[in-house]
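Undergrad: Input structure: entry12.cif, which contains mmCIF, C-alpha atoms; chains and numbers go by the auth columns.
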```
data_query
#
loop_
_atom_site.group_PDB
_atom_site.id
_atom_site.type_symbol
_atom_site.label_atom_id
_atom_site.label_comp_id
_atom_site.label_asym_id
_atom_site.label_seq_id
_atom_site.Cartn_x
_atom_site.Cartn_y
_atom_site.Cartn_z
_atom_site.B_iso_or_equiv
_atom_site.auth_seq_id
_atom_site.auth_asym_id
ATOM 1 C CA GLU A 1 22.155 5.656 6.102 0.00 1 A
ATOM 2 C CA PHE A 2 18.732 7.175 6.538 0.00 2 A
ATOM 3 C CA ARG A 3 16.084 7.001 9.213 0.00 3 A
ATOM 4 C CA LYS A 4 12.437 6.761 8.325 0.00 4 A
ATOM 5 C CA PRO A 5 9.410 5.639 10.300 0.00 5 A
ATOM 6 C CA LEU A 6 8.806 1.913 9.962 0.00 6 A
ATOM 7 C CA ILE A 7 5.285 0.876 9.054 0.00 7 A
ATOM 8 C CA VAL A 8 4.588 -2.822 9.370 0.00 8 A
ATOM 9 C CA MET A 9 1.528 -4.415 7.835 0.00 9 A
ATOM 10 C CA SER A 10 1.224 -8.047 8.763 0.00 10 A
ATOM 11 C CA PRO A 11 -1.547 -10.615 8.861 0.00 11 A
ATOM 12 C CA LYS A 12 -2.417 -11.896 12.316 0.00 12 A
ATOM 13 C CA SER A 13 -1.311 -15.405 11.334 0.00 13 A
ATOM 14 C CA LEU A 14 2.332 -14.254 11.264 0.00 14 A
ATOM 15 C CA LEU A 15 2.096 -13.094 14.867 0.00 15 A
ATOM 16 C CA ARG A 16 1.767 -16.764 15.858 0.00 16 A
ATOM 17 C CA HIS A 17 3.815 -18.426 13.106 0.00 17 A
ATOM 18 C CA PRO A 18 6.656 -20.497 14.651 0.00 18 A
ATOM 19 C CA LYS A 19 9.166 -19.513 11.922 0.00 19 A
ATOM 20 C CA CYS A 20 8.352 -15.809 12.054 0.00 20 A
ATOM 21 C CA THR A 21 10.374 -14.872 15.121 0.00 21 A
ATOM 22 C CA SER A 22 13.291 -12.738 16.233 0.00 22 A
ATOM 23 C CA SER A 23 15.615 -13.261 19.168 0.00 23 A
ATOM 24 C CA LEU A 24 15.900 -10.649 21.905 0.00 24 A
ATOM 25 C CA SER A 25 19.419 -9.770 20.721 0.00 25 A
ATOM 26 C CA GLU A 26 18.125 -9.210 17.171 0.00 26 A
ATOM 27 C CA LEU A 27 15.486 -6.853 18.546 0.00 27 A
ATOM 28 C CA ALA A 28 17.935 -5.002 20.789 0.00 28 A
ATOM 29 C CA GLU A 29 21.010 -4.859 18.551 0.00 29 A
ATOM 30 C CA GLY A 30 19.781 -5.731 15.090 0.00 30 A
ATOM 31 C CA ARG A 31 18.539 -3.500 12.333 0.00 31 A
ATOM 32 C CA PHE A 32 15.825 -3.544 9.727 0.00 32 A
ATOM 33 C CA THR A 33 16.739 -5.800 6.802 0.00 33 A
ATOM 34 C CA GLU A 34 15.335 -4.808 3.413 0.00 34 A
ATOM 35 C CA VAL A 35 15.985 -8.139 1.638 0.00 35 A
ATOM 36 C CA TYR A 36 16.411 -11.640 3.032 0.00 36 A
ATOM 37 C CA ASP A 37 18.393 -13.891 0.726 0.00 37 A
ATOM 38 C CA ASP A 38 17.876 -17.648 0.980 0.00 38 A
ATOM 39 C CA ALA A 39 20.354 -18.949 3.565 0.00 39 A
ATOM 40 C CA ASP A 40 19.442 -22.573 2.730 0.00 40 A
ATOM 41 C CA ALA A 41 20.064 -22.348 -1.024 0.00 41 A
ATOM 42 C CA ASN A 42 23.349 -23.437 -2.587 0.00 42 A
ATOM 43 C CA PRO A 43 24.002 -21.023 -5.498 0.00 43 A
ATOM 44 C CA GLU A 44 25.684 -23.853 -7.431 0.00 44 A
ATOM 45 C CA ASN A 45 22.381 -25.806 -7.502 0.00 45 A
ATOM 46 C CA VAL A 46 19.861 -22.972 -7.941 0.00 46 A
ATOM 47 C CA GLU A 47 17.999 -22.962 -11.258 0.00 47 A
ATOM 48 C CA LYS A 48 15.004 -20.890 -10.139 0.00 48 A
ATOM 49 C CA VAL A 49 14.836 -17.796 -7.929 0.00 49 A
ATOM 50 C CA ILE A 50 11.542 -16.760 -6.378 0.00 50 A
ATOM 51 C CA PHE A 51 11.084 -13.221 -5.085 0.00 51 A
ATOM 52 C CA CYS A 52 8.149 -12.589 -2.762 0.00 52 A
ATOM 53 C CA SER A 53 6.985 -10.423 0.089 0.00 53 A
ATOM 54 C CA GLY A 54 4.929 -11.155 3.168 0.00 54 A
ATOM 55 C CA LYS A 55 3.109 -14.255 4.326 0.00 55 A
ATOM 56 C CA VAL A 56 3.436 -16.208 1.090 0.00 56 A
ATOM 57 C CA TYR A 57 7.149 -16.603 1.873 0.00 57 A
ATOM 58 C CA TYR A 58 6.396 -19.038 4.703 0.00 58 A
ATOM 59 C CA ASP A 59 3.989 -21.023 2.506 0.00 59 A
ATOM 60 C CA LEU A 60 6.642 -21.259 -0.230 0.00 60 A
ATOM 61 C CA VAL A 61 9.340 -22.417 2.205 0.00 61 A
ATOM 62 C CA GLU A 62 7.019 -25.075 3.631 0.00 62 A
ATOM 63 C CA ARG A 63 6.079 -26.319 0.141 0.00 63 A
ATOM 64 C CA ARG A 64 9.744 -26.379 -0.938 0.00 64 A
ATOM 65 C CA GLU A 65 10.567 -28.515 2.123 0.00 65 A
ATOM 66 C CA GLN A 66 7.721 -30.921 1.254 0.00 66 A
ATOM 67 C CA LEU A 67 9.114 -31.293 -2.266 0.00 67 A
ATOM 68 C CA ALA A 68 12.751 -31.535 -1.074 0.00 68 A
ATOM 69 C CA ASP A 69 13.525 -28.936 -3.742 0.00 69 A
ATOM 70 C CA GLU A 70 17.191 -27.922 -3.724 0.00 70 A
ATOM 71 C CA LYS A 71 17.080 -26.049 -7.031 0.00 71 A
ATOM 72 C CA THR A 72 14.954 -23.107 -5.889 0.00 72 A
ATOM 73 C CA ALA A 73 16.024 -20.078 -3.872 0.00 73 A
ATOM 74 C CA ILE A 74 13.336 -18.007 -2.146 0.00 74 A
ATOM 75 C CA VAL A 75 14.201 -14.341 -1.581 0.00 75 A
ATOM 76 C CA ARG A 76 11.959 -12.207 0.631 0.00 76 A
ATOM 77 C CA LEU A 77 11.633 -8.470 0.082 0.00 77 A
ATOM 78 C CA GLU A 78 10.765 -6.709 3.311 0.00 78 A
ATOM 79 C CA GLN A 79 11.051 -3.238 1.803 0.00 79 A
ATOM 80 C CA LEU A 80 9.459 -2.399 -1.510 0.00 80 A
ATOM 81 C CA TYR A 81 10.027 1.354 -1.414 0.00 81 A
ATOM 82 C CA PRO A 82 12.570 2.707 -1.804 0.00 82 A
ATOM 83 C CA PHE A 83 13.342 -0.363 -3.885 0.00 83 A
ATOM 84 C CA PRO A 84 16.582 -2.092 -2.742 0.00 84 A
ATOM 85 C CA MET A 85 18.045 -2.188 -6.270 0.00 85 A
ATOM 86 C CA GLY A 86 21.643 -2.794 -5.200 0.00 86 A
ATOM 87 C CA GLN A 87 20.723 -5.780 -3.036 0.00 87 A
ATOM 88 C CA ILE A 88 18.620 -7.311 -5.831 0.00 88 A
ATOM 89 C CA VAL A 89 21.516 -6.861 -8.291 0.00 89 A
ATOM 90 C CA ASP A 90 23.775 -8.666 -5.795 0.00 90 A
ATOM 91 C CA ILE A 91 21.297 -11.555 -5.636 0.00 91 A
ATOM 92 C CA ARG A 92 21.149 -11.725 -9.422 0.00 92 A
ATOM 93 C CA ASP A 93 24.935 -11.897 -9.517 0.00 93 A
ATOM 94 C CA LYS A 94 24.981 -14.643 -6.851 0.00 94 A
ATOM 95 C CA TYR A 95 22.620 -17.033 -8.658 0.00 95 A
ATOM 96 C CA VAL A 96 24.406 -17.136 -12.008 0.00 96 A
ATOM 97 C CA LYS A 97 23.032 -20.596 -12.914 0.00 97 A
ATOM 98 C CA ALA A 98 19.400 -19.582 -12.435 0.00 98 A
ATOM 99 C CA VAL A 99 17.323 -19.675 -15.610 0.00 99 A
ATOM 100 C CA LYS A 100 13.890 -18.901 -14.120 0.00 100 A
ATOM 101 C CA TRP A 101 13.089 -15.754 -12.121 0.00 101 A
ATOM 102 C CA LEU A 102 9.645 -15.358 -10.529 0.00 102 A
ATOM 103 C CA TRP A 103 7.683 -12.890 -8.460 0.00 103 A
ATOM 104 C CA VAL A 104 5.120 -14.807 -6.383 0.00 104 A
ATOM 105 C CA GLN A 105 2.210 -13.180 -4.599 0.00 105 A
ATOM 106 C CA GLU A 106 -1.000 -14.522 -3.124 0.00 106 A
ATOM 107 C CA GLU A 107 -3.047 -11.551 -4.318 0.00 107 A
ATOM 108 C CA PRO A 108 -4.643 -11.482 -7.771 0.00 108 A
ATOM 109 C CA GLU A 109 -2.300 -10.311 -10.525 0.00 109 A
ATOM 110 C CA ASN A 110 -3.981 -6.903 -10.783 0.00 110 A
ATOM 111 C CA MET A 111 -3.533 -6.293 -7.039 0.00 111 A
ATOM 112 C CA GLY A 112 -0.654 -6.481 -4.601 0.00 112 A
ATOM 113 C CA PRO A 113 2.867 -5.304 -5.407 0.00 113 A
ATOM 114 C CA TRP A 114 3.371 -7.076 -8.774 0.00 114 A
ATOM 115 C CA TRP A 115 2.995 -4.063 -11.068 0.00 115 A
ATOM 116 C CA TYR A 116 5.239 -1.903 -8.900 0.00 116 A
ATOM 117 C CA VAL A 117 7.911 -4.619 -8.608 0.00 117 A
ATOM 118 C CA ARG A 118 7.678 -5.375 -12.334 0.00 118 A
ATOM 119 C CA GLY A 119 8.532 -1.755 -13.072 0.00 119 A
ATOM 120 C CA ARG A 120 11.624 -1.939 -10.862 0.00 120 A
ATOM 121 C CA PHE A 121 12.797 -5.150 -12.563 0.00 121 A
ATOM 122 C CA MET A 122 12.514 -3.433 -15.947 0.00 122 A
ATOM 123 C CA HIS A 123 15.342 -1.132 -14.846 0.00 123 A
ATOM 124 C CA LYS A 124 18.393 -1.566 -17.072 0.00 124 A
ATOM 125 C CA ALA A 125 20.351 -3.195 -14.229 0.00 125 A
ATOM 126 C CA LEU A 126 17.810 -6.054 -13.947 0.00 126 A
ATOM 127 C CA ARG A 127 16.168 -6.230 -17.364 0.00 127 A
ATOM 128 C CA ASP A 128 18.081 -9.418 -18.249 0.00 128 A
ATOM 129 C CA LEU A 129 16.200 -11.415 -15.589 0.00 129 A
ATOM 130 C CA ASP A 130 12.905 -11.604 -17.524 0.00 130 A
ATOM 131 C CA LEU A 131 10.894 -11.740 -14.298 0.00 131 A
ATOM 132 C CA ASP A 132 7.556 -13.571 -14.535 0.00 132 A
ATOM 133 C CA VAL A 133 4.636 -13.511 -12.089 0.00 133 A
ATOM 134 C CA VAL A 134 2.843 -16.333 -10.322 0.00 134 A
ATOM 135 C CA SER A 135 -0.347 -15.147 -8.670 0.00 135 A
ATOM 136 C CA GLN A 136 -4.070 -15.622 -8.653 0.00 136 A
ATOM 137 C CA ALA A 137 -5.828 -14.596 -11.837 0.00 137 A
ATOM 138 C CA ALA A 138 -6.861 -10.943 -12.099 0.00 138 A
ATOM 139 C CA SER A 139 -10.043 -10.340 -10.158 0.00 139 A
ATOM 140 C CA ALA A 140 -12.363 -7.570 -9.040 0.00 140 A
ATOM 141 C CA SER A 141 -12.024 -8.797 -5.456 0.00 141 A
ATOM 142 C CA PRO A 142 -9.196 -10.555 -3.615 0.00 142 A
ATOM 143 C CA ALA A 143 -11.641 -12.477 -1.419 0.00 143 A
ATOM 144 C CA THR A 144 -13.538 -15.548 -2.562 0.00 144 A
ATOM 145 C CA GLY A 145 -15.966 -15.646 0.338 0.00 145 A
ATOM 146 C CA SER A 146 -15.111 -19.317 0.849 0.00 146 A
ATOM 147 C CA TYR A 147 -12.257 -20.690 2.929 0.00 147 A
ATOM 148 C CA LYS A 148 -12.055 -23.819 0.744 0.00 148 A
ATOM 149 C CA LYS A 149 -11.824 -21.808 -2.475 0.00 149 A
ATOM 150 C CA ALA A 150 -9.217 -19.481 -0.965 0.00 150 A
ATOM 151 C CA ALA A 151 -7.113 -22.453 0.207 0.00 151 A
ATOM 152 C CA LYS A 152 -7.369 -24.040 -3.258 0.00 152 A
ATOM 153 C CA ARG A 153 -6.292 -20.789 -4.937 0.00 153 A
ATOM 154 C CA GLN A 154 -3.330 -20.488 -2.573 0.00 154 A
ATOM 155 C CA GLN A 155 -2.313 -24.109 -3.226 0.00 155 A
ATOM 156 C CA ASP A 156 -2.538 -23.473 -6.989 0.00 156 A
ATOM 157 C CA VAL A 157 -0.147 -20.506 -6.628 0.00 157 A
ATOM 158 C CA LEU A 158 2.323 -22.626 -4.633 0.00 158 A
ATOM 159 C CA ASP A 159 2.107 -25.502 -7.130 0.00 159 A
ATOM 160 C CA ARG A 160 2.732 -23.202 -10.084 0.00 160 A
ATOM 161 C CA ALA A 161 5.661 -21.530 -8.317 0.00 161 A
ATOM 162 C CA LEU A 162 7.373 -24.681 -7.100 0.00 162 A
ATOM 163 C CA GLY A 163 5.965 -27.352 -9.350 0.00 163 A
ATOM 164 C CA ALA A 164 3.126 -29.788 -8.997 0.00 164 A
ATOM 165 C CA LEU A 165 3.251 -32.926 -6.901 0.00 165 A
ATOM 166 C CA THR A 166 6.347 -35.055 -7.167 0.00 166 A
ATOM 167 C CA PRO A 167 5.925 -38.711 -8.229 0.00 167 A
ATOM 168 C CA LYS A 168 6.307 -39.911 -4.635 0.00 168 A
ATOM 169 C CA GLU A 169 3.440 -37.609 -3.538 0.00 169 A
ATOM 170 C CA ALA A 170 1.121 -38.502 -6.420 0.00 170 A
#
```
Go through the file and emit its structure as structure tokens.

TA:
Amino acid sequence: EFRKPLIVMSPKSLLRHPKCTSSLSELAEGRFTEVYDDADANPENVEKVIFCSGKVYYDLVERREQLADEKTAIVRLEQLYPFPMGQIVDIRDKYVKAVKWLWVQEEPENMGPWWYVRGRFMHKALRDLDLDVVSQAASASPATGSYKKAAKRQQDVLDRALGALTPKEA
């Protein structure tokens, strides 16, 4: 129960993304949500939980749909600070059959929120999750200067997070 200014940083692509929308009633009567759990995941089937933040969420959901993956839950953190520890503990408790826990980001490993999030997951309440990262390799610059290289790097992150091509796609 606190009120703070909301600062939103979003890439322009999400302003036009068809799945990144809110209804008028959500805008008028809703509230800011710190963590979005995966409404499509059945906790009985989930073996892997992916935590992420930002635009990569939509790429992960699209890739999961392409693979028809029913064993992965994708959880989106909308608020990194203050860290929503209680909500993350609830998610851990929900997915009791999960054996793999990942943080996925499109930025290089030495950039983006990974090191901050990693520190929060080392808290005694979450230490048992053994969170791993899937990201681009550490780099001096997040930009490649080439659209093709950037798209390939992003596809590599998605493939490592959700698995490579299925036999029917190969």

Undergrad: Hey, could you make a per-residue contact list for region 84-168 of chain A against region 39-60 of chain A with 7 Å as the cut-off, showing the nearest pair of atoms and its distance in Å to one decimal, counting all atoms listed in the file, sorted by chain and number, as CSV?

TA:
```
residue,atom,partner,partner_atom,distance
A:Lys94,CA,A:Pro43,CA,6.6
A:Tyr95,CA,A:Pro43,CA,5.3
A:Lys97,CA,A:Glu47,CA,5.8
A:Ala98,CA,A:Glu47,CA,3.8
A:Val99,CA,A:Glu47,CA,5.5
A:Lys100,CA,A:Lys48,CA,4.6
A:Trp101,CA,A:Val49,CA,5.0
A:Leu102,CA,A:Ile50,CA,4.8
A:Trp103,CA,A:Phe51,CA,4.8
A:Val104,CA,A:Cys52,CA,5.2
A:Gln105,CA,A:Cys52,CA,6.2
A:Glu106,CA,A:Val56,CA,6.3
A:Leu158,CA,A:Leu60,CA,6.3
```

Undergrad: To one decimal place in Å, what is the distance between CA of Ser139 (chain A) and CA of Pro108 (chain A)?

TA: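 Separating CA of Ser139 (chain A) from CA of Pro108 (chain A) is a distance of 6.0 Å.
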
Undergrad: Which distance in Å separates CA of Phe83 (chain A) and CA of Val117 (chain A), to one decimal?

TA: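 CA of Val117 (chain A) lies at a distance of 8.4 Å from CA of Phe83 (chain A).
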
Undergrad: What does the structure give for the distance between CA of Val134 (chain A) and CA of Glu109 (chain A), in Å to one decimal?

TA: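 Interatomic distance here is 7.9 Å.
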
Undergrad: Translate the PyMOL selection byres ((chain A and resi 129) around 9), as applied to the file shown, into an explicit residue set as a PyMOL selection string.

TA: chain A and resi 92+99-101+121-122+126-128+130-132

Undergrad: Between A:Glu34, A:Val157, A:Ile74, A:Gly119, single out the one closest to Gln87 (chain A), counting all atoms listed in the file.

TA: A:Glu34

Undergrad: My list of candidates is A:Thr33, A:Ser141, A:Ser10, A:Gln136. Which is closest to Gln155 (chain A) when distances are computed with all atoms listed in the file?

TA: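 Of A:Thr33, A:Ser141, A:Ser10, A:Gln136, the one nearest Gln155 (chain A) is A:Gln136, counting all atoms listed in the file.
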
Undergrad: Please write as a ChimeraX atom specification the list of polymer residues whose atoms come within 12 Å of (1.7, -28.2, 0.3), counting all atoms listed in the file and keeping to the coordinates of the file.

TA: /A:58-68,151-152,154-166,169

Undergrad: For the structure shown, which residues end up in the PyMOL selection byres ((chain A and resi 78) around 6)? Put them as a VMD selection string, please?

TA: chain A and resid 34 to 35 77 79

Undergrad: I need the residues from that last selection saved to file as a CSV table (one decimal), keeping the file's coordinate frame (with C-alpha atoms), if you can.

TA:
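Okay, again01.csv is ready:
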```
chain,number,residue,atom,x,y,z
A,34,GLU,CA,15.3,-4.8,3.4
A,35,VAL,CA,16.0,-8.1,1.6
A,77,LEU,CA,11.6,-8.5,0.1
A,79,GLN,CA,11.1,-3.2,1.8
```

Undergrad: Measuring atom to atom with only C-alpha atoms, identify which of A:Ala28, A:Val8, A:Leu80, A:Val96 is nearest to Gly112 (chain A).

TA: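 Between A:Ala28, A:Val8, A:Leu80, A:Val96, the residue approaching Gly112 (chain A) most closely is A:Leu80.
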
Undergrad: Restricting the calculation to all atoms listed in the file, which member of A:Val133, A:Ser25, A:Ser13, A:Gly145 is positioned closest to Asn110 (chain A)?

TA: A:Val133

Undergrad: Edge lengths and centre in Å to one decimal, as JSON, of the axis-aligned box that encloses all listed atoms of region 113-129 of chain A with 8 Å added on every side?

TA:
```
{"center_x": 11.6, "center_y": -6.3, "center_z": -11.8, "size_x": 33.5, "size_y": 26.3, "size_z": 28.8}
```

Undergrad: Complete the atoms of region 151-164 of chain A to N, CA, C and O atoms and put them out as a PDB file, in the frame of the given file.

TA:
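Done, and the output landed in result_37.pdb:
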```
ATOM      1  N   ALA A 151      -8.201 -21.494  -0.015  1.00  0.00           N
ATOM      2  CA  ALA A 151      -7.113 -22.453   0.207  1.00  0.00           C
ATOM      3  C   ALA A 151      -6.706 -23.111  -1.108  1.00  0.00           C
ATOM      4  O   ALA A 151      -5.514 -23.308  -1.368  1.00  0.00           O
ATOM      5  N   LYS A 152      -7.678 -23.427  -1.951  1.00  0.00           N
ATOM      6  CA  LYS A 152      -7.369 -24.040  -3.258  1.00  0.00           C
ATOM      7  C   LYS A 152      -6.595 -23.062  -4.138  1.00  0.00           C
ATOM      8  O   LYS A 152      -5.619 -23.441  -4.781  1.00  0.00           O
ATOM      9  N   ARG A 153      -7.018 -21.806  -4.160  1.00  0.00           N
ATOM     10  CA  ARG A 153      -6.292 -20.789  -4.937  1.00  0.00           C
ATOM     11  C   ARG A 153      -4.855 -20.637  -4.458  1.00  0.00           C
ATOM     12  O   ARG A 153      -3.931 -20.538  -5.256  1.00  0.00           O
ATOM     13  N   GLN A 154      -4.678 -20.626  -3.131  1.00  0.00           N
ATOM     14  CA  GLN A 154      -3.330 -20.488  -2.573  1.00  0.00           C
ATOM     15  C   GLN A 154      -2.482 -21.703  -2.947  1.00  0.00           C
ATOM     16  O   GLN A 154      -1.317 -21.556  -3.313  1.00  0.00           O
ATOM     17  N   GLN A 155      -3.056 -22.895  -2.869  1.00  0.00           N
ATOM     18  CA  GLN A 155      -2.313 -24.109  -3.226  1.00  0.00           C
ATOM     19  C   GLN A 155      -1.947 -24.099  -4.712  1.00  0.00           C
ATOM     20  O   GLN A 155      -0.855 -24.513  -5.089  1.00  0.00           O
ATOM     21  N   ASP A 156      -2.829 -23.582  -5.552  1.00  0.00           N
ATOM     22  CA  ASP A 156      -2.538 -23.473  -6.989  1.00  0.00           C
ATOM     23  C   ASP A 156      -1.339 -22.548  -7.227  1.00  0.00           C
ATOM     24  O   ASP A 156      -0.478 -22.837  -8.053  1.00  0.00           O
ATOM     25  N   VAL A 157      -1.282 -21.438  -6.498  1.00  0.00           N
ATOM     26  CA  VAL A 157      -0.147 -20.506  -6.628  1.00  0.00           C
ATOM     27  C   VAL A 157       1.150 -21.209  -6.222  1.00  0.00           C
ATOM     28  O   VAL A 157       2.161 -21.132  -6.933  1.00  0.00           O
ATOM     29  N   LEU A 158       1.124 -21.927  -5.106  1.00  0.00           N
ATOM     30  CA  LEU A 158       2.323 -22.626  -4.633  1.00  0.00           C
ATOM     31  C   LEU A 158       2.756 -23.708  -5.620  1.00  0.00           C
ATOM     32  O   LEU A 158       3.949 -23.867  -5.900  1.00  0.00           O
ATOM     33  N   ASP A 159       1.788 -24.452  -6.166  1.00  0.00           N
ATOM     34  CA  ASP A 159       2.107 -25.502  -7.130  1.00  0.00           C
ATOM     35  C   ASP A 159       2.700 -24.932  -8.410  1.00  0.00           C
ATOM     36  O   ASP A 159       3.640 -25.494  -8.968  1.00  0.00           O
ATOM     37  N   ARG A 160       2.177 -23.804  -8.865  1.00  0.00           N
ATOM     38  CA  ARG A 160       2.732 -23.202 -10.084  1.00  0.00           C
ATOM     39  C   ARG A 160       4.120 -22.615  -9.829  1.00  0.00           C
ATOM     40  O   ARG A 160       4.971 -22.648 -10.709  1.00  0.00           O
ATOM     41  N   ALA A 161       4.361 -22.113  -8.629  1.00  0.00           N
ATOM     42  CA  ALA A 161       5.661 -21.530  -8.317  1.00  0.00           C
ATOM     43  C   ALA A 161       6.734 -22.597  -8.124  1.00  0.00           C
ATOM     44  O   ALA A 161       7.859 -22.437  -8.582  1.00  0.00           O
ATOM     45  N   LEU A 162       6.378 -23.671  -7.459  1.00  0.00           N
ATOM     46  CA  LEU A 162       7.373 -24.681  -7.100  1.00  0.00           C
ATOM     47  C   LEU A 162       7.187 -26.001  -7.823  1.00  0.00           C
ATOM     48  O   LEU A 162       7.950 -26.938  -7.598  1.00  0.00           O
ATOM     49  N   GLY A 163       6.190 -26.102  -8.639  1.00  0.00           N
ATOM     50  CA  GLY A 163       5.965 -27.352  -9.350  1.00  0.00           C
ATOM     51  C   GLY A 163       4.855 -28.142  -8.693  1.00  0.00           C
ATOM     52  O   GLY A 163       4.577 -28.003  -7.508  1.00  0.00           O
ATOM     53  N   ALA A 164       4.227 -28.949  -9.489  1.00  0.00           N
ATOM     54  CA  ALA A 164       3.126 -29.788  -8.997  1.00  0.00           C
ATOM     55  C   ALA A 164       3.696 -30.913  -8.146  1.00  0.00           C
ATOM     56  O   ALA A 164       4.884 -30.955  -7.845  1.00  0.00           O
TER      57      ALA A 164
END
```
